[in-house]
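Participant: Dropping in entry-v7.cif, with mmCIF, C-alpha atoms; chains and numbers go by the auth columns.
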```cif
data_data
#
loop_
_atom_site.group_PDB
_atom_site.id
_atom_site.type_symbol
_atom_site.label_atom_id
_atom_site.label_comp_id
_atom_site.label_asym_id
_atom_site.label_seq_id
_atom_site.Cartn_x
_atom_site.Cartn_y
_atom_site.Cartn_z
_atom_site.B_iso_or_equiv
_atom_site.auth_seq_id
_atom_site.auth_asym_id
ATOM 1 C CA MET A 1 97.104 92.993 123.030 0.00 1 N
ATOM 2 C CA LYS A 2 96.516 95.639 120.365 0.00 2 N
ATOM 3 C CA PHE A 3 97.004 95.067 116.646 0.00 3 N
ATOM 4 C CA PRO A 4 97.632 98.567 115.253 0.00 4 N
ATOM 5 C CA ASP A 5 97.170 97.689 111.567 0.00 5 N
ATOM 6 C CA ALA A 6 93.645 96.441 112.309 0.00 6 N
ATOM 7 C CA SER A 7 92.602 99.193 114.698 0.00 7 N
ATOM 8 C CA GLY A 8 92.801 102.280 112.484 0.00 8 N
ATOM 9 C CA VAL A 9 95.206 103.839 115.010 0.00 9 N
ATOM 10 C CA PRO A 10 98.325 105.550 113.562 0.00 10 N
ATOM 11 C CA VAL A 11 101.456 103.475 114.103 0.00 11 N
ATOM 12 C CA ASP A 12 104.961 104.633 115.024 0.00 12 N
ATOM 13 C CA MET A 13 107.033 102.270 112.889 0.00 13 N
ATOM 14 C CA LEU A 14 110.430 103.366 114.222 0.00 14 N
ATOM 15 C CA PRO A 15 111.619 101.077 117.007 0.00 15 N
ATOM 16 C CA ILE A 16 112.575 102.832 120.201 0.00 16 N
ATOM 17 C CA GLY A 17 116.291 102.959 120.972 0.00 17 N
ATOM 18 C CA ASP A 18 117.739 101.000 118.050 0.00 18 N
ATOM 19 C CA ALA A 19 117.553 102.140 114.437 0.00 19 N
ATOM 20 C CA THR A 20 120.397 100.032 113.065 0.00 20 N
ATOM 21 C CA ALA A 21 118.065 98.057 110.786 0.00 21 N
ATOM 22 C CA PHE A 22 116.826 101.294 109.254 0.00 22 N
ATOM 23 C CA ASP A 23 120.398 102.555 108.836 0.00 23 N
ATOM 24 C CA ALA A 24 121.165 99.426 106.833 0.00 24 N
ATOM 25 C CA LEU A 25 117.988 99.793 104.767 0.00 25 N
ATOM 26 C CA LYS A 26 118.759 103.451 104.023 0.00 26 N
ATOM 27 C CA LYS A 27 122.276 102.510 102.938 0.00 27 N
ATOM 28 C CA LEU A 28 120.779 99.909 100.608 0.00 28 N
ATOM 29 C CA VAL A 29 118.259 102.335 99.128 0.00 29 N
ATOM 30 C CA ASP A 30 120.906 105.064 98.760 0.00 30 N
ATOM 31 C CA ALA A 31 123.061 102.637 96.802 0.00 31 N
ATOM 32 C CA PHE A 32 120.341 101.339 94.490 0.00 32 N
ATOM 33 C CA ASP A 33 122.446 101.957 91.383 0.00 33 N
ATOM 34 C CA GLU A 34 125.269 99.837 92.757 0.00 34 N
ATOM 35 C CA VAL A 35 125.881 96.197 92.004 0.00 35 N
ATOM 36 C CA VAL A 36 126.033 94.120 95.174 0.00 36 N
ATOM 37 C CA SER A 37 127.317 90.544 95.237 0.00 37 N
ATOM 38 C CA ALA A 38 127.599 90.586 91.436 0.00 38 N
ATOM 39 C CA ARG A 39 123.830 91.123 91.149 0.00 39 N
ATOM 40 C CA SER A 40 122.198 94.344 90.121 0.00 40 N
ATOM 41 C CA PHE A 41 119.210 95.472 92.158 0.00 41 N
ATOM 42 C CA ARG A 42 117.714 97.267 89.151 0.00 42 N
ATOM 43 C CA MET A 43 114.412 95.603 88.276 0.00 43 N
ATOM 44 C CA TYR A 44 113.919 97.193 84.869 0.00 44 N
ATOM 45 C CA PRO A 45 116.721 98.931 82.949 0.00 45 N
ATOM 46 C CA ASP A 46 114.496 101.831 81.890 0.00 46 N
ATOM 47 C CA CYS A 47 112.856 102.539 85.284 0.00 47 N
ATOM 48 C CA ARG A 48 113.931 103.813 88.665 0.00 48 N
ATOM 49 C CA TRP A 49 112.357 100.873 90.525 0.00 49 N
ATOM 50 C CA VAL A 50 114.828 98.497 92.129 0.00 50 N
ATOM 51 C CA ASN A 51 114.362 95.073 93.678 0.00 51 N
ATOM 52 C CA PRO A 52 116.370 94.924 96.901 0.00 52 N
ATOM 53 C CA MET A 53 114.521 92.220 98.811 0.00 53 N
ATOM 54 C CA ALA A 54 112.575 89.922 96.540 0.00 54 N
ATOM 55 C CA ASP A 55 111.996 86.488 97.949 0.00 55 N
ATOM 56 C CA ALA A 56 109.577 85.387 95.243 0.00 56 N
ATOM 57 C CA THR A 57 110.894 83.251 92.423 0.00 57 N
ATOM 58 C CA ALA A 58 109.362 81.082 89.731 0.00 58 N
ATOM 59 C CA GLU A 59 110.006 78.141 92.067 0.00 59 N
ATOM 60 C CA LYS A 60 108.500 79.962 95.088 0.00 60 N
ATOM 61 C CA PRO A 61 105.850 82.385 93.784 0.00 61 N
ATOM 62 C CA SER A 62 104.088 82.653 97.149 0.00 62 N
ATOM 63 C CA GLY A 63 106.721 85.065 98.472 0.00 63 N
ATOM 64 C CA LYS A 64 106.514 88.788 98.001 0.00 64 N
ATOM 65 C CA LEU A 65 108.176 90.961 95.389 0.00 65 N
ATOM 66 C CA ASP A 66 109.393 94.329 96.673 0.00 66 N
ATOM 67 C CA LEU A 67 110.094 97.180 94.308 0.00 67 N
ATOM 68 C CA SER A 68 111.644 100.267 95.858 0.00 68 N
ATOM 69 C CA TRP A 69 111.582 103.742 94.352 0.00 69 N
ATOM 70 C CA ARG A 70 113.804 106.478 95.701 0.00 70 N
ATOM 71 C CA ARG A 71 112.951 110.148 95.580 0.00 71 N
ATOM 72 C CA ALA A 72 115.462 112.775 96.659 0.00 72 N
ATOM 73 C CA ASP A 73 112.961 115.657 96.584 0.00 73 N
ATOM 74 C CA ARG A 74 110.925 116.747 99.542 0.00 74 N
ATOM 75 C CA GLY A 75 107.299 115.731 99.852 0.00 75 N
ATOM 76 C CA GLY A 76 105.598 119.035 99.040 0.00 76 N
ATOM 77 C CA ALA A 77 105.228 118.402 95.301 0.00 77 N
ATOM 78 C CA LEU A 78 102.591 116.390 93.451 0.00 78 N
ATOM 79 C CA TYR A 79 103.595 112.918 92.309 0.00 79 N
ATOM 80 C CA THR A 80 101.608 110.233 90.523 0.00 80 N
ATOM 81 C CA LEU A 81 102.133 106.517 90.149 0.00 81 N
ATOM 82 C CA SER A 82 100.315 104.665 87.407 0.00 82 N
ATOM 83 C CA LEU A 83 99.882 100.930 87.833 0.00 83 N
ATOM 84 C CA PRO A 84 98.880 99.204 84.579 0.00 84 N
ATOM 85 C CA LYS A 85 95.823 96.956 84.658 0.00 85 N
ATOM 86 C CA ASP A 86 96.036 93.434 86.015 0.00 86 N
ATOM 87 C CA VAL A 87 98.640 94.013 88.723 0.00 87 N
ATOM 88 C CA PRO A 88 100.245 90.554 88.960 0.00 88 N
ATOM 89 C CA ALA A 89 99.650 89.817 92.647 0.00 89 N
ATOM 90 C CA ALA A 90 97.681 86.711 93.604 0.00 90 N
ATOM 91 C CA ASN A 91 97.032 87.985 97.135 0.00 91 N
ATOM 92 C CA PHE A 92 97.262 91.791 97.050 0.00 92 N
ATOM 93 C CA TRP A 93 99.542 94.727 96.260 0.00 93 N
ATOM 94 C CA SER A 94 100.550 97.679 98.399 0.00 94 N
ATOM 95 C CA VAL A 95 102.503 100.944 98.046 0.00 95 N
ATOM 96 C CA THR A 96 104.130 102.169 101.265 0.00 96 N
ATOM 97 C CA LEU A 97 105.962 105.473 101.836 0.00 97 N
ATOM 98 C CA TYR A 98 109.071 105.670 104.027 0.00 98 N
ATOM 99 C CA GLU A 99 111.031 108.635 105.355 0.00 99 N
ATOM 100 C CA ALA A 100 114.293 109.149 103.470 0.00 100 N
ATOM 101 C CA GLU A 101 116.140 110.210 106.621 0.00 101 N
ATOM 102 C CA ASN A 102 115.534 107.124 108.739 0.00 102 N
ATOM 103 C CA ALA A 103 113.606 104.594 106.624 0.00 103 N
ATOM 104 C CA SER A 104 110.680 104.530 109.064 0.00 104 N
ATOM 105 C CA GLY A 105 107.110 104.646 107.851 0.00 105 N
ATOM 106 C CA LEU A 106 106.332 108.211 106.746 0.00 106 N
ATOM 107 C CA ALA A 107 104.388 109.951 109.532 0.00 107 N
ATOM 108 C CA ASN A 108 101.884 111.537 107.160 0.00 108 N
ATOM 109 C CA GLY A 109 98.768 111.828 109.331 0.00 109 N
ATOM 110 C CA GLN A 110 97.092 108.786 107.775 0.00 110 N
ATOM 111 C CA PRO A 111 96.582 105.644 109.910 0.00 111 N
ATOM 112 C CA LEU A 112 99.276 103.868 107.859 0.00 112 N
ATOM 113 C CA PRO A 113 101.552 105.303 105.155 0.00 113 N
ATOM 114 C CA SER A 114 100.347 102.768 102.604 0.00 114 N
ATOM 115 C CA LEU A 115 97.670 102.236 99.983 0.00 115 N
ATOM 116 C CA GLY A 116 96.887 99.033 98.141 0.00 116 N
ATOM 117 C CA SER A 117 94.402 96.777 96.444 0.00 117 N
ATOM 118 C CA ARG A 118 92.716 95.978 99.766 0.00 118 N
ATOM 119 C CA ASP A 119 91.837 99.694 100.032 0.00 119 N
ATOM 120 C CA GLU A 120 89.929 99.339 96.751 0.00 120 N
ATOM 121 C CA PRO A 121 91.308 102.401 94.964 0.00 121 N
ATOM 122 C CA ILE A 122 89.296 103.644 92.004 0.00 122 N
ATOM 123 C CA ARG A 123 90.453 102.201 88.685 0.00 123 N
ATOM 124 C CA ASN A 124 90.566 104.063 85.401 0.00 124 N
ATOM 125 C CA PRO A 125 88.268 102.865 82.554 0.00 125 N
ATOM 126 C CA ASP A 126 91.227 100.974 81.007 0.00 126 N
ATOM 127 C CA GLY A 127 91.760 99.016 84.254 0.00 127 N
ATOM 128 C CA SER A 128 94.882 100.898 85.342 0.00 128 N
ATOM 129 C CA THR A 129 95.144 102.549 88.759 0.00 129 N
ATOM 130 C CA GLU A 130 96.596 106.005 89.295 0.00 130 N
ATOM 131 C CA LEU A 131 97.817 106.856 92.786 0.00 131 N
ATOM 132 C CA HIS A 132 98.373 110.458 93.916 0.00 132 N
ATOM 133 C CA LEU A 133 101.194 111.300 96.312 0.00 133 N
ATOM 134 C CA LEU A 134 100.903 114.835 97.694 0.00 134 N
ATOM 135 C CA PRO A 135 100.189 116.594 101.009 0.00 135 N
ATOM 136 C CA GLU A 136 96.434 117.130 100.469 0.00 136 N
ATOM 137 C CA ALA A 137 93.956 114.744 98.852 0.00 137 N
ATOM 138 C CA PRO A 138 92.872 115.789 95.360 0.00 138 N
ATOM 139 C CA GLU A 139 89.137 116.390 95.249 0.00 139 N
ATOM 140 C CA GLY A 140 87.264 113.242 94.252 0.00 140 N
ATOM 141 C CA LYS A 141 90.423 111.097 94.387 0.00 141 N
ATOM 142 C CA GLU A 142 90.721 110.493 98.118 0.00 142 N
ATOM 143 C CA ARG A 143 90.645 106.697 97.662 0.00 143 N
ATOM 144 C CA ASN A 144 93.755 106.916 95.459 0.00 144 N
ATOM 145 C CA TRP A 145 95.713 109.306 97.715 0.00 145 N
ATOM 146 C CA LEU A 146 98.827 108.755 99.806 0.00 146 N
ATOM 147 C CA ALA A 147 99.856 111.785 101.857 0.00 147 N
ATOM 148 C CA THR A 148 103.383 113.176 101.625 0.00 148 N
ATOM 149 C CA VAL A 149 104.828 115.669 104.089 0.00 149 N
ATOM 150 C CA PRO A 150 106.229 119.024 102.919 0.00 150 N
ATOM 151 C CA GLY A 151 109.915 119.257 103.783 0.00 151 N
ATOM 152 C CA LYS A 152 110.380 115.493 104.270 0.00 152 N
ATOM 153 C CA GLY A 153 112.035 113.306 101.686 0.00 153 N
ATOM 154 C CA PHE A 154 110.478 109.909 101.037 0.00 154 N
ATOM 155 C CA PHE A 155 110.867 106.714 99.113 0.00 155 N
ATOM 156 C CA ALA A 156 108.238 104.139 98.202 0.00 156 N
ATOM 157 C CA PHE A 157 107.973 100.371 98.122 0.00 157 N
ATOM 158 C CA LEU A 158 105.547 98.636 95.796 0.00 158 N
ATOM 159 C CA ARG A 159 104.962 95.160 97.151 0.00 159 N
ATOM 160 C CA LEU A 160 103.309 92.365 95.216 0.00 160 N
ATOM 161 C CA TYR A 161 102.161 89.635 97.601 0.00 161 N
ATOM 162 C CA GLY A 162 102.000 86.310 95.796 0.00 162 N
ATOM 163 C CA PRO A 163 103.440 87.680 92.543 0.00 163 N
ATOM 164 C CA THR A 164 102.193 85.869 89.475 0.00 164 N
ATOM 165 C CA GLY A 165 103.941 84.983 86.203 0.00 165 N
ATOM 166 C CA PRO A 166 104.010 88.444 84.599 0.00 166 N
ATOM 167 C CA ALA A 167 105.807 89.917 87.645 0.00 167 N
ATOM 168 C CA LEU A 168 108.332 87.106 87.835 0.00 168 N
ATOM 169 C CA ALA A 169 108.966 87.201 84.086 0.00 169 N
ATOM 170 C CA LYS A 170 109.125 91.026 84.179 0.00 170 N
ATOM 171 C CA THR A 171 106.531 91.304 81.409 0.00 171 N
ATOM 172 C CA TRP A 172 104.320 93.515 83.618 0.00 172 N
ATOM 173 C CA LYS A 173 105.940 96.808 84.550 0.00 173 N
ATOM 174 C CA SER A 174 104.751 99.481 86.934 0.00 174 N
ATOM 175 C CA GLY A 175 104.993 103.086 85.884 0.00 175 N
ATOM 176 C CA ASP A 176 107.585 105.222 87.629 0.00 176 N
ATOM 177 C CA ILE A 177 106.546 107.772 90.215 0.00 177 N
ATOM 178 C CA THR A 178 106.531 111.006 88.274 0.00 178 N
ATOM 179 C CA ARG A 179 106.416 114.604 89.423 0.00 179 N
ATOM 180 C CA THR A 180 103.380 116.445 88.106 0.00 180 N
ATOM 181 C CA GLU A 181 103.119 120.208 88.000 0.00 181 N
#
```
Could you take the file, read its structure, and then write that structure out as structure tokens?
Facilitator:
Amino acid sequence: MKFPDASGVPVDMLPIGDATAFDALKKLVDAFDEVVSARSFRMYPDCRWVNPMADATAEKPSGKLDLSWRRADRGGALYTLSLPKDVPAANFWSVTLYEAENASGLANGQPLPSLGSRDEPIRNPDGSTELHLLPEAPEGKERNWLATVPGKGFFAFLRLYGPTGPALAKTWKSGDITRTE
């Protein structure tokens, strides 16, 4: 048996023959401004992050908190994501890129289309972490780079595994993914 996430081998995350789960996920992401079941998915009123699948609560903080960010542009531009210091995840955090067309993991040439605290990205002097999303790694910032693919739209999930109090109380807030010229 092979475990692709432990082998360093690129993984095809789209199941063969049946993409109905990804169709449903895409529909959910496309409708992130909508209110579903009388509950808004918007995590913070002043950000584009939404919270479509959180299963962590104050009563059950061991779950994970998913924040999804949708980008309509294609992946050829430079984007940055700034995570303030002390990301409130007891276990770890991760940012994963997905293809906008089919919600599969973005085939970006990296072993996995994700980057997180377990990858030990370089922190800024103030403790924050800046991630770079673009086709080629910026010189000297390879540890903080997630590859995008020119011509392919993408969206991102920021997952906090074992979210702590500041995440559940919404007192810690991630920066939005911003386009940088």
Participant: Pick out the closest residue to Glu142 in chain N from this set: N:Leu160, N:Ala167, N:Leu115, N:Ala89. Count only C-alpha atoms.
Facilitator: N:Leu115
Participant: Please provide the set of residues having any atom within 8 Å of Ser82 in chain N, restricted to all atoms listed in the file, with same-chain residues fewer than 4 positions apart removed, written as a list in words.
Facilitator: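 Contacts, in chain order: Ser128, Thr129, Glu130, Leu131, Ser174, Gly175, Asp176 and Ile177 of chain N.
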Participant: Name every residue that the PyMOL selection byres ((chain N and resi 107) around 12) selects in this structure, writing the answer as a PDB file with C-alpha atoms, in the frame of the given file with chains first and numbers rising.
Facilitator:
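Below you can see part-v1.pdb, which holds the result:
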```pdb
ATOM      1  CA  PRO N  10      98.325 105.550 113.562  1.00  0.00           C
ATOM      2  CA  VAL N  11     101.456 103.475 114.103  1.00  0.00           C
ATOM      3  CA  ASP N  12     104.961 104.633 115.024  1.00  0.00           C
ATOM      4  CA  MET N  13     107.033 102.270 112.889  1.00  0.00           C
ATOM      5  CA  LEU N  14     110.430 103.366 114.222  1.00  0.00           C
ATOM      6  CA  GLY N  75     107.299 115.731  99.852  1.00  0.00           C
ATOM      7  CA  THR N  96     104.130 102.169 101.265  1.00  0.00           C
ATOM      8  CA  LEU N  97     105.962 105.473 101.836  1.00  0.00           C
ATOM      9  CA  TYR N  98     109.071 105.670 104.027  1.00  0.00           C
ATOM     10  CA  GLU N  99     111.031 108.635 105.355  1.00  0.00           C
ATOM     11  CA  ALA N 100     114.293 109.149 103.470  1.00  0.00           C
ATOM     12  CA  ASN N 102     115.534 107.124 108.739  1.00  0.00           C
ATOM     13  CA  ALA N 103     113.606 104.594 106.624  1.00  0.00           C
ATOM     14  CA  SER N 104     110.680 104.530 109.064  1.00  0.00           C
ATOM     15  CA  GLY N 105     107.110 104.646 107.851  1.00  0.00           C
ATOM     16  CA  LEU N 106     106.332 108.211 106.746  1.00  0.00           C
ATOM     17  CA  ASN N 108     101.884 111.537 107.160  1.00  0.00           C
ATOM     18  CA  GLY N 109      98.768 111.828 109.331  1.00  0.00           C
ATOM     19  CA  GLN N 110      97.092 108.786 107.775  1.00  0.00           C
ATOM     20  CA  PRO N 111      96.582 105.644 109.910  1.00  0.00           C
ATOM     21  CA  LEU N 112      99.276 103.868 107.859  1.00  0.00           C
ATOM     22  CA  PRO N 113     101.552 105.303 105.155  1.00  0.00           C
ATOM     23  CA  SER N 114     100.347 102.768 102.604  1.00  0.00           C
ATOM     24  CA  PRO N 135     100.189 116.594 101.009  1.00  0.00           C
ATOM     25  CA  LEU N 146      98.827 108.755  99.806  1.00  0.00           C
ATOM     26  CA  ALA N 147      99.856 111.785 101.857  1.00  0.00           C
ATOM     27  CA  THR N 148     103.383 113.176 101.625  1.00  0.00           C
ATOM     28  CA  VAL N 149     104.828 115.669 104.089  1.00  0.00           C
ATOM     29  CA  PRO N 150     106.229 119.024 102.919  1.00  0.00           C
ATOM     30  CA  LYS N 152     110.380 115.493 104.270  1.00  0.00           C
ATOM     31  CA  GLY N 153     112.035 113.306 101.686  1.00  0.00           C
ATOM     32  CA  PHE N 154     110.478 109.909 101.037  1.00  0.00           C
TER      33      PHE N 154
END
```
Participant: One decimal, Å: what's the distance from CA of Trp93 in chain N over to CA of Asp119 in chain N, could you say?
Facilitator: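 Distance reported for this atom pair: 9.9 Å.
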Participant: For CA of Ala137 in chain N and CA of Pro121 in chain N, determine how far apart the two atoms are, in Å to one decimal place.
Facilitator: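 Calculated distance between CA of Ala137 in chain N and CA of Pro121 in chain N is 13.2 Å.
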Participant: Taking all atoms listed in the file into account, which of N:Ser117, N:Lys173, N:Asp126, N:Arg143 comes nearest Ala90 in chain N?
Facilitator: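 Closest to Ala90 in chain N, using all atoms listed in the file: N:Ser117.
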Participant: If you measure from CA of Arg179 in chain N to CA of Gly76 in chain N, what distance in Å do you get, rounded to one decimal?
Facilitator: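 So the two atoms, CA of Arg179 in chain N and CA of Gly76 in chain N, lie 10.6 Å apart.
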Participant: Where's the centre, and what are the edge lengths in Å to one decimal, of a box along x, y and z enclosing all listed atoms of range 79-96 of chain N padded 6 Å per side, as JSON?
Facilitator:
```
{"center_x": 100.0, "center_y": 99.8, "center_z": 92.9, "size_x": 20.3, "size_y": 38.2, "size_z": 28.7}
```
Participant: In the coordinate frame of the file, compute which residues have an atom within 7 Å of (107.0, 107.0, 93.0) when using only C-alpha atoms, and state them as JSON, numbers by chain.
Facilitator: {"N": [69, 79, 80, 81, 156, 176, 177, 178]}
Participant: Using all atoms listed in the file, give me every residue within 10 Å of (96.1, 94.2, 83.2) in file coordinates, as a ChimeraX atom specification.
Facilitator: /N:83-88,126-128,166,172
Participant: With distances taken over all atoms listed in the file, which of N:Leu158, N:Leu168, N:Leu78, N:Leu133 is nearest to Val95 in chain N?
Facilitator: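 Checking each of N:Leu158, N:Leu168, N:Leu78, N:Leu133 against Val95 in chain N, counting all atoms listed in the file, the winner is N:Leu158.
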Participant: From the set N:Thr171, N:Thr180, N:Asn144, N:Ser94, which residue has the shortest atom-to-atom contact distance to Asn124 in chain N, counting all atoms listed in the file?
Facilitator: N:Asn144
